[in-house]
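Undergrad: One structure follows; several queries about it will come next.
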Amino acid sequence: MGRCTQLLGFGSEHPFNWQTGRDNLYAVQEDYNYEVIETQMDEQARTLATTTRTWNRFHLPVSESTRQGDSEIRRQTTFGIKPDTHWDEQPAWCQLPHEQTVTFIDHKTGNQRSETTEYRYDDNGNVVFSRSPNGVEEHNEYYPAEGAEGCPANAMGMVRYLKKKTTRPARLEDGSYGGASEISTSYTYTALASLIEGEPAVVVVERETARDVTHNRVLETTTQTYITEPGPHYARVDRKITTLNDKPTTTSYRYEQTQDELSTHVTLIGFENTERVRATQSIARSLSTGRVTRERNQAGVITRYDYDDLGRITLVITADDSPYQTRRTTTYHIGDAVALEHRATGENPVMVEDCLTTGQRRRQWLDGEGRTVRVELEDIDHAPGVFREIARTAFDALGRPLIETQVDWLRDPEHPATVTALTLITTTQYDDWGQVSCSTTPDGVQHHSEHNPVTLSLKTWQQNGPLRSACTQTLHNVSGSPLAEQLYDSQGTLIRSKEWGRDGLDRITQTTVKVPGQPDRVTTARLDVYGRTVEQTLADDTVVNWTYALHSDDNHPETIAVTPPALDEA
């Protein structure tokens, strides 16, 4: 049996002098851990899950293990701590994670799988390197504290301003990036003098430059200018210009401040610089709470919002000051006379009532954890003031939806005052990983799912009594993206399989469809740096090419060209 430890340092093998009013565990100069075990049980006192959390002598979480049935998930974190060194002599990054490992363990089979995220830091605690489980790396460079070209000195003598961020794709099995480019973003800064005498200047980003490092070319640049006139809007962004392929898109900002609101008007101007390619939207926020009080979209539609003293929304007016204005109000009832009068027997007296734009009222009843357990809708057409239940949800001890009931009300056409409830029930079951394993819909069909995070596989099928549908088995990578999919008929015979090839940024570059007894059908794709398909070769060698708007990095195709396969000359 191991030694007994706890957060006060009991059981330490090295003595230390107890000092009242201080965290004495910091004085322990050894590798010291303590743990807490949490057990979750249902109403019958049956154990559902057990979680063990462990902290080190600096109260940093080093591990967390949750076991439910035969499944266990372990999360371990390694910090940059020197075990035999006093707190005052620890490196600056001692409280920062250097390695985080998540391990999935199937105790039924004994199999397990781990995925690790790595971090490295400079002497100032800034992240200089990270690698995700999928192999994608991020490298960061920072300006020195004394400043350099493109960045003023830091007034506090600290290294903190990011100079360049580089994203490097994961290497594939053949050692390449699969056609994915290494992308970097560089930053330059400028200083704006403080309006408070003697205070340091405010350092803001002046220019961002994105580069395709692999092909050594500039992708786009963004420059920002700021308001320099003294006043309430000093140092706010004044204009932002993003340039792609020598085509600038400008975003200008205008501010208005009243006694209790700040309005921001944002105008987007296309590179053509005409009224047809100009759009403005506005947003107003409360100066005291920061909440949105008014919005105006690019179509000119104004939406207003009101809140109560707790910050909960109480009124939404859409198309304000127009013939199409609509209102939606919300009232909250917590143990008041309204909730106590209208609640069901034994129900928690917490209710939210919405009055919709049609005038119809909708009530949501909440449990003690704020979850919606029942919904009622006013029968405004035939019995105003009468509320009919349209949905209810029952949760399990872990807070997951277990039984979801939808209720439709059928009216007798010959006797409109007579209604009959049509109840549709969906039940859900969960596996030991916490994933949905079976969902039974109102028609009696069972939708089965077998998740296995150890093998990164998913198996799905449907069943109703003895009848069983085809089965799909999918294999994923650590990012959760599908790599292969097999479709089997109800007798277990393979019908079709599908495989995806991905580049170092997890983007699909090849799709292969395999059908037993037939040649494979392979489709390949070439992507640009923004992930857009620029060329696709179909299984019959037909080639489809796309070009995109030069001013945009979004999916805005300009042309599509189809080149049929060459005909064999006989």
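Note on naming: chains are A, B, ... as they come in the structure tokens, residues start from 1 per chain, ligands start from 1 in the order shown.
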Run DSSP on the backbone and tell me which residues of range 399-499 of chain A come out as strand (DSSP E); list them as a VMD selection string.

TA: chain A and resid 401 to 411 419 to 430 436 to 440 446 to 452 457 to 464 467 to 468 471 to 476 482 to 488 494 to 499

Undergrad: With C-alpha atoms retained, export the selected residues as a PDB file, in the first residue's frame.

TA:
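Saved the output as selection_34.pdb:
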ATOM      1  CA  PRO A 401     -31.381  12.375 -22.550  1.00  0.00           C
ATOM      2  CA  LEU A 402     -32.943   8.957 -21.985  1.00  0.00           C
ATOM      3  CA  ILE A 403     -36.560   9.213 -23.114  1.00  0.00           C
ATOM      4  CA  GLU A 404     -37.714  11.976 -25.461  1.00  0.00           C
ATOM      5  CA  THR A 405     -41.431  12.306 -26.063  1.00  0.00           C
ATOM      6  CA  GLN A 406     -43.052  14.370 -28.810  1.00  0.00           C
ATOM      7  CA  VAL A 407     -46.796  14.979 -28.565  1.00  0.00           C
ATOM      8  CA  ASP A 408     -49.006  15.978 -31.470  1.00  0.00           C
ATOM      9  CA  TRP A 409     -52.620  16.957 -30.932  1.00  0.00           C
ATOM     10  CA  LEU A 410     -55.129  15.629 -33.453  1.00  0.00           C
ATOM     11  CA  ARG A 411     -58.402  17.503 -33.714  1.00  0.00           C
ATOM     12  CA  VAL A 419     -58.499  16.683 -29.415  1.00  0.00           C
ATOM     13  CA  THR A 420     -56.549  13.459 -29.071  1.00  0.00           C
ATOM     14  CA  ALA A 421     -52.884  13.249 -28.131  1.00  0.00           C
ATOM     15  CA  LEU A 422     -50.561  11.336 -30.455  1.00  0.00           C
ATOM     16  CA  THR A 423     -47.473  10.425 -28.446  1.00  0.00           C
ATOM     17  CA  LEU A 424     -44.195   9.615 -30.197  1.00  0.00           C
ATOM     18  CA  ILE A 425     -41.408   8.263 -27.981  1.00  0.00           C
ATOM     19  CA  THR A 426     -37.698   7.991 -28.741  1.00  0.00           C
ATOM     20  CA  THR A 427     -35.459   6.129 -26.291  1.00  0.00           C
ATOM     21  CA  THR A 428     -31.680   6.276 -26.155  1.00  0.00           C
ATOM     22  CA  GLN A 429     -29.095   3.904 -24.720  1.00  0.00           C
ATOM     23  CA  TYR A 430     -25.418   4.638 -24.139  1.00  0.00           C
ATOM     24  CA  VAL A 436     -25.128   6.614 -28.102  1.00  0.00           C
ATOM     25  CA  SER A 437     -25.288   2.854 -28.673  1.00  0.00           C
ATOM     26  CA  CYS A 438     -28.952   2.466 -29.599  1.00  0.00           C
ATOM     27  CA  SER A 439     -31.747   4.880 -30.407  1.00  0.00           C
ATOM     28  CA  THR A 440     -35.261   3.502 -30.824  1.00  0.00           C
ATOM     29  CA  GLN A 446     -33.546   0.559 -33.556  1.00  0.00           C
ATOM     30  CA  HIS A 447     -30.572   2.591 -34.783  1.00  0.00           C
ATOM     31  CA  HIS A 448     -27.459   0.843 -33.470  1.00  0.00           C
ATOM     32  CA  SER A 449     -23.975   2.363 -33.181  1.00  0.00           C
ATOM     33  CA  GLU A 450     -20.840   0.666 -31.899  1.00  0.00           C
ATOM     34  CA  HIS A 451     -18.136   3.214 -31.135  1.00  0.00           C
ATOM     35  CA  ASN A 452     -14.610   2.031 -30.446  1.00  0.00           C
ATOM     36  CA  SER A 457     -13.941   2.440 -35.697  1.00  0.00           C
ATOM     37  CA  LEU A 458     -17.691   2.911 -35.901  1.00  0.00           C
ATOM     38  CA  LYS A 459     -20.270   0.291 -36.835  1.00  0.00           C
ATOM     39  CA  THR A 460     -23.871   1.283 -37.583  1.00  0.00           C
ATOM     40  CA  TRP A 461     -27.003  -0.584 -38.623  1.00  0.00           C
ATOM     41  CA  GLN A 462     -30.766  -0.557 -38.179  1.00  0.00           C
ATOM     42  CA  GLN A 463     -32.996  -3.296 -36.863  1.00  0.00           C
ATOM     43  CA  ASN A 464     -36.666  -3.930 -36.230  1.00  0.00           C
ATOM     44  CA  LEU A 467     -35.332  -7.586 -39.775  1.00  0.00           C
ATOM     45  CA  ARG A 468     -31.863  -6.095 -40.044  1.00  0.00           C
ATOM     46  CA  CYS A 471     -24.242  -2.546 -41.885  1.00  0.00           C
ATOM     47  CA  THR A 472     -21.672   0.208 -42.317  1.00  0.00           C
ATOM     48  CA  GLN A 473     -18.224   0.014 -40.729  1.00  0.00           C
ATOM     49  CA  THR A 474     -16.103   3.159 -40.752  1.00  0.00           C
ATOM     50  CA  LEU A 475     -12.453   3.592 -39.792  1.00  0.00           C
ATOM     51  CA  HIS A 476     -11.339   7.062 -38.692  1.00  0.00           C
ATOM     52  CA  PRO A 482     -13.132   8.862 -42.104  1.00  0.00           C
ATOM     53  CA  LEU A 483     -10.377   6.892 -43.842  1.00  0.00           C
ATOM     54  CA  ALA A 484     -12.271   3.802 -44.978  1.00  0.00           C
ATOM     55  CA  GLU A 485     -15.861   2.628 -45.071  1.00  0.00           C
ATOM     56  CA  GLN A 486     -17.267  -0.837 -45.753  1.00  0.00           C
ATOM     57  CA  LEU A 487     -20.908  -1.560 -46.509  1.00  0.00           C
ATOM     58  CA  TYR A 488     -22.197  -5.088 -45.772  1.00  0.00           C
ATOM     59  CA  LEU A 494     -19.330  -7.014 -48.533  1.00  0.00           C
ATOM     60  CA  ILE A 495     -21.219  -4.852 -51.026  1.00  0.00           C
ATOM     61  CA  ARG A 496     -18.947  -1.867 -51.406  1.00  0.00           C
ATOM     62  CA  SER A 497     -15.982  -0.219 -49.774  1.00  0.00           C
ATOM     63  CA  LYS A 498     -14.757   3.336 -49.907  1.00  0.00           C
ATOM     64  CA  GLU A 499     -11.334   4.736 -49.059  1.00  0.00           C
TER      65      GLU A 499
END

Undergrad: Quick one: residues within 12 Å of range 358-365 of chain A, only C-alpha atoms counted, chain neighbours fewer than 4 positions away excluded, as a PyMOL selection string?

TA: chain A and resi 325-335+338-340+342-344+347-354+369-393

Undergrad: Those same residues, written as a short mmCIF file (atom, residue, chain, number, x, y, z; two decimals), in the first residue's frame with N, CA and C atoms?

TA:
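So the final result, stored in result-v3.cif, reads:
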data_model
loop_
_atom_site.label_atom_id
_atom_site.label_comp_id
_atom_site.auth_asym_id
_atom_site.auth_seq_id
_atom_site.Cartn_x
_atom_site.Cartn_y
_atom_site.Cartn_z
N GLN A 325 -42.68 44.94 -38.51
CA GLN A 325 -42.14 44.75 -37.17
C GLN A 325 -42.81 43.59 -36.44
N THR A 326 -41.99 42.78 -35.78
CA THR A 326 -42.49 41.68 -34.95
C THR A 326 -41.83 41.76 -33.58
N ARG A 327 -42.54 41.22 -32.58
CA ARG A 327 -42.05 41.24 -31.21
C ARG A 327 -42.07 39.83 -30.63
N ARG A 328 -41.04 39.54 -29.87
CA ARG A 328 -41.00 38.28 -29.13
C ARG A 328 -40.57 38.60 -27.70
N THR A 329 -41.43 38.25 -26.74
CA THR A 329 -41.14 38.55 -25.34
C THR A 329 -40.87 37.26 -24.58
N THR A 330 -40.06 37.38 -23.55
CA THR A 330 -39.73 36.24 -22.70
C THR A 330 -39.86 36.65 -21.24
N THR A 331 -40.57 35.84 -20.47
CA THR A 331 -40.68 36.08 -19.03
C THR A 331 -40.17 34.85 -18.29
N TYR A 332 -39.63 35.09 -17.10
CA TYR A 332 -39.01 34.02 -16.32
C TYR A 332 -39.74 33.88 -14.99
N HIS A 333 -40.06 32.65 -14.64
CA HIS A 333 -40.81 32.38 -13.41
C HIS A 333 -40.06 31.34 -12.60
N ILE A 334 -39.58 31.76 -11.44
CA ILE A 334 -38.83 30.86 -10.56
C ILE A 334 -39.54 30.82 -9.21
N GLY A 335 -40.33 29.80 -9.01
CA GLY A 335 -41.02 29.63 -7.75
C GLY A 335 -42.05 30.69 -7.44
N VAL A 338 -47.13 32.21 -10.66
CA VAL A 338 -47.46 31.66 -11.98
C VAL A 338 -46.91 30.25 -12.13
N ALA A 339 -45.65 30.06 -11.76
CA ALA A 339 -45.04 28.73 -11.88
C ALA A 339 -45.71 27.73 -10.95
N LEU A 340 -46.03 28.16 -9.73
CA LEU A 340 -46.66 27.25 -8.78
C LEU A 340 -48.07 26.87 -9.22
N HIS A 342 -49.27 26.73 -12.44
CA HIS A 342 -49.38 26.00 -13.71
C HIS A 342 -48.47 24.79 -13.81
N ARG A 343 -47.63 24.54 -12.84
CA ARG A 343 -46.74 23.38 -12.94
C ARG A 343 -47.53 22.09 -12.78
N ALA A 344 -46.95 21.01 -13.31
CA ALA A 344 -47.55 19.69 -13.11
C ALA A 344 -47.28 19.24 -11.68
N GLU A 347 -43.76 18.98 -10.00
CA GLU A 347 -42.77 19.51 -10.94
C GLU A 347 -42.03 20.69 -10.34
N ASN A 348 -40.77 20.85 -10.74
CA ASN A 348 -39.96 21.97 -10.29
C ASN A 348 -40.60 23.27 -10.78
N PRO A 349 -40.87 24.23 -9.88
CA PRO A 349 -41.58 25.45 -10.29
C PRO A 349 -40.66 26.47 -10.96
N VAL A 350 -40.02 26.06 -12.05
CA VAL A 350 -39.16 26.96 -12.82
C VAL A 350 -39.61 26.89 -14.27
N MET A 351 -39.99 28.04 -14.83
CA MET A 351 -40.57 28.05 -16.16
C MET A 351 -40.16 29.31 -16.92
N VAL A 352 -39.91 29.13 -18.22
CA VAL A 352 -39.62 30.25 -19.12
C VAL A 352 -40.75 30.31 -20.14
N GLU A 353 -41.38 31.47 -20.25
CA GLU A 353 -42.50 31.61 -21.19
C GLU A 353 -42.14 32.60 -22.28
N ASP A 354 -42.25 32.14 -23.53
CA ASP A 354 -42.02 32.98 -24.70
C ASP A 354 -43.36 33.31 -25.34
N GLU A 369 -31.23 21.54 -12.71
CA GLU A 369 -29.97 21.78 -13.39
C GLU A 369 -30.14 22.63 -14.64
N GLY A 370 -31.33 23.21 -14.80
CA GLY A 370 -31.56 24.11 -15.92
C GLY A 370 -31.85 23.42 -17.24
N ARG A 371 -32.14 22.12 -17.20
CA ARG A 371 -32.45 21.39 -18.44
C ARG A 371 -33.95 21.45 -18.71
N THR A 372 -34.31 21.55 -19.98
CA THR A 372 -35.72 21.57 -20.36
C THR A 372 -36.29 20.16 -20.24
N VAL A 373 -37.28 19.98 -19.38
CA VAL A 373 -37.88 18.66 -19.18
C VAL A 373 -39.28 18.58 -19.79
N ARG A 374 -39.89 19.74 -20.04
CA ARG A 374 -41.24 19.71 -20.60
C ARG A 374 -41.50 21.01 -21.35
N VAL A 375 -42.21 20.90 -22.49
CA VAL A 375 -42.55 22.07 -23.30
C VAL A 375 -44.05 22.07 -23.54
N GLU A 376 -44.66 23.24 -23.35
CA GLU A 376 -46.09 23.40 -23.61
C GLU A 376 -46.29 24.51 -24.64
N LEU A 377 -47.33 24.36 -25.46
CA LEU A 377 -47.66 25.36 -26.47
C LEU A 377 -49.13 25.72 -26.35
N GLU A 378 -49.41 27.02 -26.44
CA GLU A 378 -50.79 27.49 -26.32
C GLU A 378 -51.59 27.10 -27.56
N ASP A 379 -52.78 26.58 -27.35
CA ASP A 379 -53.69 26.23 -28.45
C ASP A 379 -54.43 27.50 -28.86
N ILE A 380 -53.69 28.39 -29.52
CA ILE A 380 -54.21 29.74 -29.76
C ILE A 380 -55.34 29.77 -30.78
N ASP A 381 -55.40 28.79 -31.68
CA ASP A 381 -56.41 28.81 -32.73
C ASP A 381 -57.78 28.37 -32.24
N HIS A 382 -57.81 27.38 -31.32
CA HIS A 382 -59.09 26.81 -30.93
C HIS A 382 -59.42 27.00 -29.46
N ALA A 383 -58.38 27.14 -28.62
CA ALA A 383 -58.65 27.30 -27.18
C ALA A 383 -57.60 28.23 -26.58
N PRO A 384 -57.67 29.53 -26.88
CA PRO A 384 -56.69 30.47 -26.33
C PRO A 384 -56.63 30.37 -24.81
N GLY A 385 -55.42 30.39 -24.28
CA GLY A 385 -55.22 30.27 -22.85
C GLY A 385 -55.02 28.86 -22.38
N VAL A 386 -55.30 27.88 -23.25
CA VAL A 386 -55.10 26.47 -22.91
C VAL A 386 -53.74 26.03 -23.45
N PHE A 387 -52.91 25.47 -22.57
CA PHE A 387 -51.58 25.01 -22.97
C PHE A 387 -51.58 23.49 -23.08
N ARG A 388 -51.02 23.00 -24.17
CA ARG A 388 -50.94 21.56 -24.39
C ARG A 388 -49.47 21.14 -24.45
N GLU A 389 -49.18 20.05 -23.81
CA GLU A 389 -47.81 19.54 -23.78
C GLU A 389 -47.43 19.03 -25.17
N ILE A 390 -46.27 19.47 -25.68
CA ILE A 390 -45.82 19.03 -26.99
C ILE A 390 -44.50 18.26 -26.92
N ALA A 391 -43.80 18.32 -25.78
CA ALA A 391 -42.54 17.58 -25.67
C ALA A 391 -42.17 17.43 -24.21
N ARG A 392 -41.50 16.33 -23.89
CA ARG A 392 -40.92 16.15 -22.56
C ARG A 392 -39.71 15.23 -22.69
N THR A 393 -38.78 15.42 -21.77
CA THR A 393 -37.53 14.68 -21.81
C THR A 393 -37.19 14.17 -20.42
#

Undergrad: Measure the distance from CA of Ala27 in chain A to CA of Asn124 in chain A in Å and round it to one decimal.

TA: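 Here the two named atoms are 23.5 Å from each other.
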
Undergrad: Given the choices A:Ala337, A:Val213, A:Leu505, A:Ile302, which gets closest to Pro169 in chain A if the distance is worked out from only C-alpha atoms?

TA: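 Closest residue, counting only C-alpha atoms: A:Leu505.
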
Undergrad: Name all residues at most 12 Å from Ser194 in chain A (count only C-alpha atoms; drop same-chain ones fewer than 6 positions away) and give them as JSON, numbers by chain.

TA: {"A": [155, 200, 201, 202, 203, 228, 229, 230, 231, 234, 235]}

Undergrad: Produce a file of the selected residues containing C-alpha atoms, as a JSON list (two decimals), in the first residue's frame.

TA:
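result.json, freshly written:
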[["chain", "number", "residue", "atom", "x", "y", "z"],
["A", 155, "ALA", "CA", 7.46, 48.71, -21.92],
["A", 200, "PRO", "CA", 3.40, 53.17, -21.66],
["A", 201, "ALA", "CA", 2.27, 53.21, -25.28],
["A", 202, "VAL", "CA", -0.30, 50.75, -26.59],
["A", 203, "VAL", "CA", 1.18, 48.27, -29.06],
["A", 228, "THR", "CA", -5.21, 58.62, -33.51],
["A", 229, "GLU", "CA", -7.29, 61.66, -32.60],
["A", 230, "PRO", "CA", -7.71, 61.99, -28.81],
["A", 231, "GLY", "CA", -11.19, 61.08, -27.69],
["A", 234, "TYR", "CA", -8.76, 56.61, -29.62],
["A", 235, "ALA", "CA", -6.82, 53.45, -30.64]]

Undergrad: Got a sec: who's within 6 Å of Arg526 in chain A, counting only C-alpha atoms, leaving out chain neighbours fewer than 6 positions off, as a list in words?

TA: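 Listing them by chain and then by number gives Thr533, Val534 and Glu535 of chain A.
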
Undergrad: So that I can check the surroundings of His556 in chain A, please list as a PyMOL selection string every protein, DNA and RNA residue that reaches within 12 Å of it, counting only C-alpha atoms and ignoring chain neighbours fewer than 3 positions away.

TA: chain A and resi 530+532-534+546-553+559-560

Undergrad: Restricting it to N, CA and C atoms, dump the selection as an mmCIF file, in the first residue's frame.

TA:
data_model
loop_
_atom_site.group_PDB
_atom_site.id
_atom_site.type_symbol
_atom_site.label_atom_id
_atom_site.label_comp_id
_atom_site.auth_asym_id
_atom_site.auth_seq_id
_atom_site.Cartn_x
_atom_site.Cartn_y
_atom_site.Cartn_z
ATOM 1 N N TYR A 530 -6.089 27.243 -49.719
ATOM 2 C CA TYR A 530 -7.270 27.518 -48.910
ATOM 3 C C TYR A 530 -8.194 26.313 -48.811
ATOM 4 N N ARG A 532 -9.613 24.712 -51.331
ATOM 5 C CA ARG A 532 -10.606 24.661 -52.398
ATOM 6 C C ARG A 532 -10.132 23.719 -53.504
ATOM 7 N N THR A 533 -11.064 22.984 -54.085
ATOM 8 C CA THR A 533 -10.723 22.070 -55.170
ATOM 9 C C THR A 533 -10.487 22.865 -56.447
ATOM 10 N N VAL A 534 -9.291 22.736 -57.018
ATOM 11 C CA VAL A 534 -8.982 23.427 -58.271
ATOM 12 C C VAL A 534 -8.952 22.460 -59.448
ATOM 13 N N TRP A 546 -11.609 24.246 -61.621
ATOM 14 C CA TRP A 546 -12.287 25.408 -61.052
ATOM 15 C C TRP A 546 -11.301 26.568 -60.937
ATOM 16 N N THR A 547 -11.781 27.768 -61.177
ATOM 17 C CA THR A 547 -11.043 28.970 -60.798
ATOM 18 C C THR A 547 -11.934 29.774 -59.859
ATOM 19 N N TYR A 548 -11.306 30.594 -59.026
ATOM 20 C CA TYR A 548 -12.051 31.306 -57.991
ATOM 21 C C TYR A 548 -11.784 32.806 -58.085
ATOM 22 N N ALA A 549 -12.690 33.566 -57.525
ATOM 23 C CA ALA A 549 -12.557 35.020 -57.533
ATOM 24 C C ALA A 549 -11.218 35.415 -56.915
ATOM 25 N N LEU A 550 -10.469 36.255 -57.624
ATOM 26 C CA LEU A 550 -9.111 36.578 -57.200
ATOM 27 C C LEU A 550 -9.071 37.370 -55.902
ATOM 28 N N HIS A 551 -10.147 38.083 -55.590
ATOM 29 C CA HIS A 551 -10.113 38.937 -54.412
ATOM 30 C C HIS A 551 -10.473 38.196 -53.133
ATOM 31 N N SER A 552 -10.875 36.911 -53.254
ATOM 32 C CA SER A 552 -11.436 36.195 -52.107
ATOM 33 C C SER A 552 -10.651 34.928 -51.813
ATOM 34 N N ASP A 553 -10.591 34.571 -50.523
ATOM 35 C CA ASP A 553 -10.018 33.283 -50.122
ATOM 36 C C ASP A 553 -11.123 32.303 -49.735
ATOM 37 N N THR A 559 -15.137 30.136 -62.608
ATOM 38 C CA THR A 559 -15.324 29.318 -63.806
ATOM 39 C C THR A 559 -15.222 27.842 -63.449
ATOM 40 N N ILE A 560 -15.908 27.026 -64.237
ATOM 41 C CA ILE A 560 -15.806 25.573 -64.144
ATOM 42 C C ILE A 560 -15.605 25.047 -65.562
#

Undergrad: Find the residues near Ser63 in chain A: any atom within 9 Å, counting only C-alpha atoms, skip ones fewer than 4 places away on the same chain, and give them as a PyMOL selection string.

TA: chain A and resi 52-55+74-78

Undergrad: Using only C-alpha atoms, please write the residues we just selected to a file, as a PDB file, in the first residue's frame.

TA:
ATOM      1  CA  THR A  52      -9.619   9.593 -10.076  1.00  0.00           C
ATOM      2  CA  ARG A  53      -7.904  12.999 -10.219  1.00  0.00           C
ATOM      3  CA  THR A  54      -4.277  13.533  -9.237  1.00  0.00           C
ATOM      4  CA  TRP A  55      -2.421  16.806  -8.560  1.00  0.00           C
ATOM      5  CA  ARG A  74      -6.949   8.479 -18.913  1.00  0.00           C
ATOM      6  CA  ARG A  75      -5.662  12.009 -19.348  1.00  0.00           C
ATOM      7  CA  GLN A  76      -2.097  12.613 -18.235  1.00  0.00           C
ATOM      8  CA  THR A  77      -0.262  15.931 -18.279  1.00  0.00           C
ATOM      9  CA  THR A  78       3.479  16.419 -17.939  1.00  0.00           C
TER      10      THR A  78
END

Undergrad: Report, in Å to a single decimal, how far apart CA of Ile81 in chain A and CA of Glu99 in chain A are.

TA: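 Taking CA of Glu99 in chain A and CA of Ile81 in chain A, their separation equals 12.1 Å.
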
Undergrad: Mind pulling up the distance from CA of Leu162 in chain A to CA of His139 in chain A?

TA: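 Rounded to one decimal, the two atoms are 10.8 Å apart.
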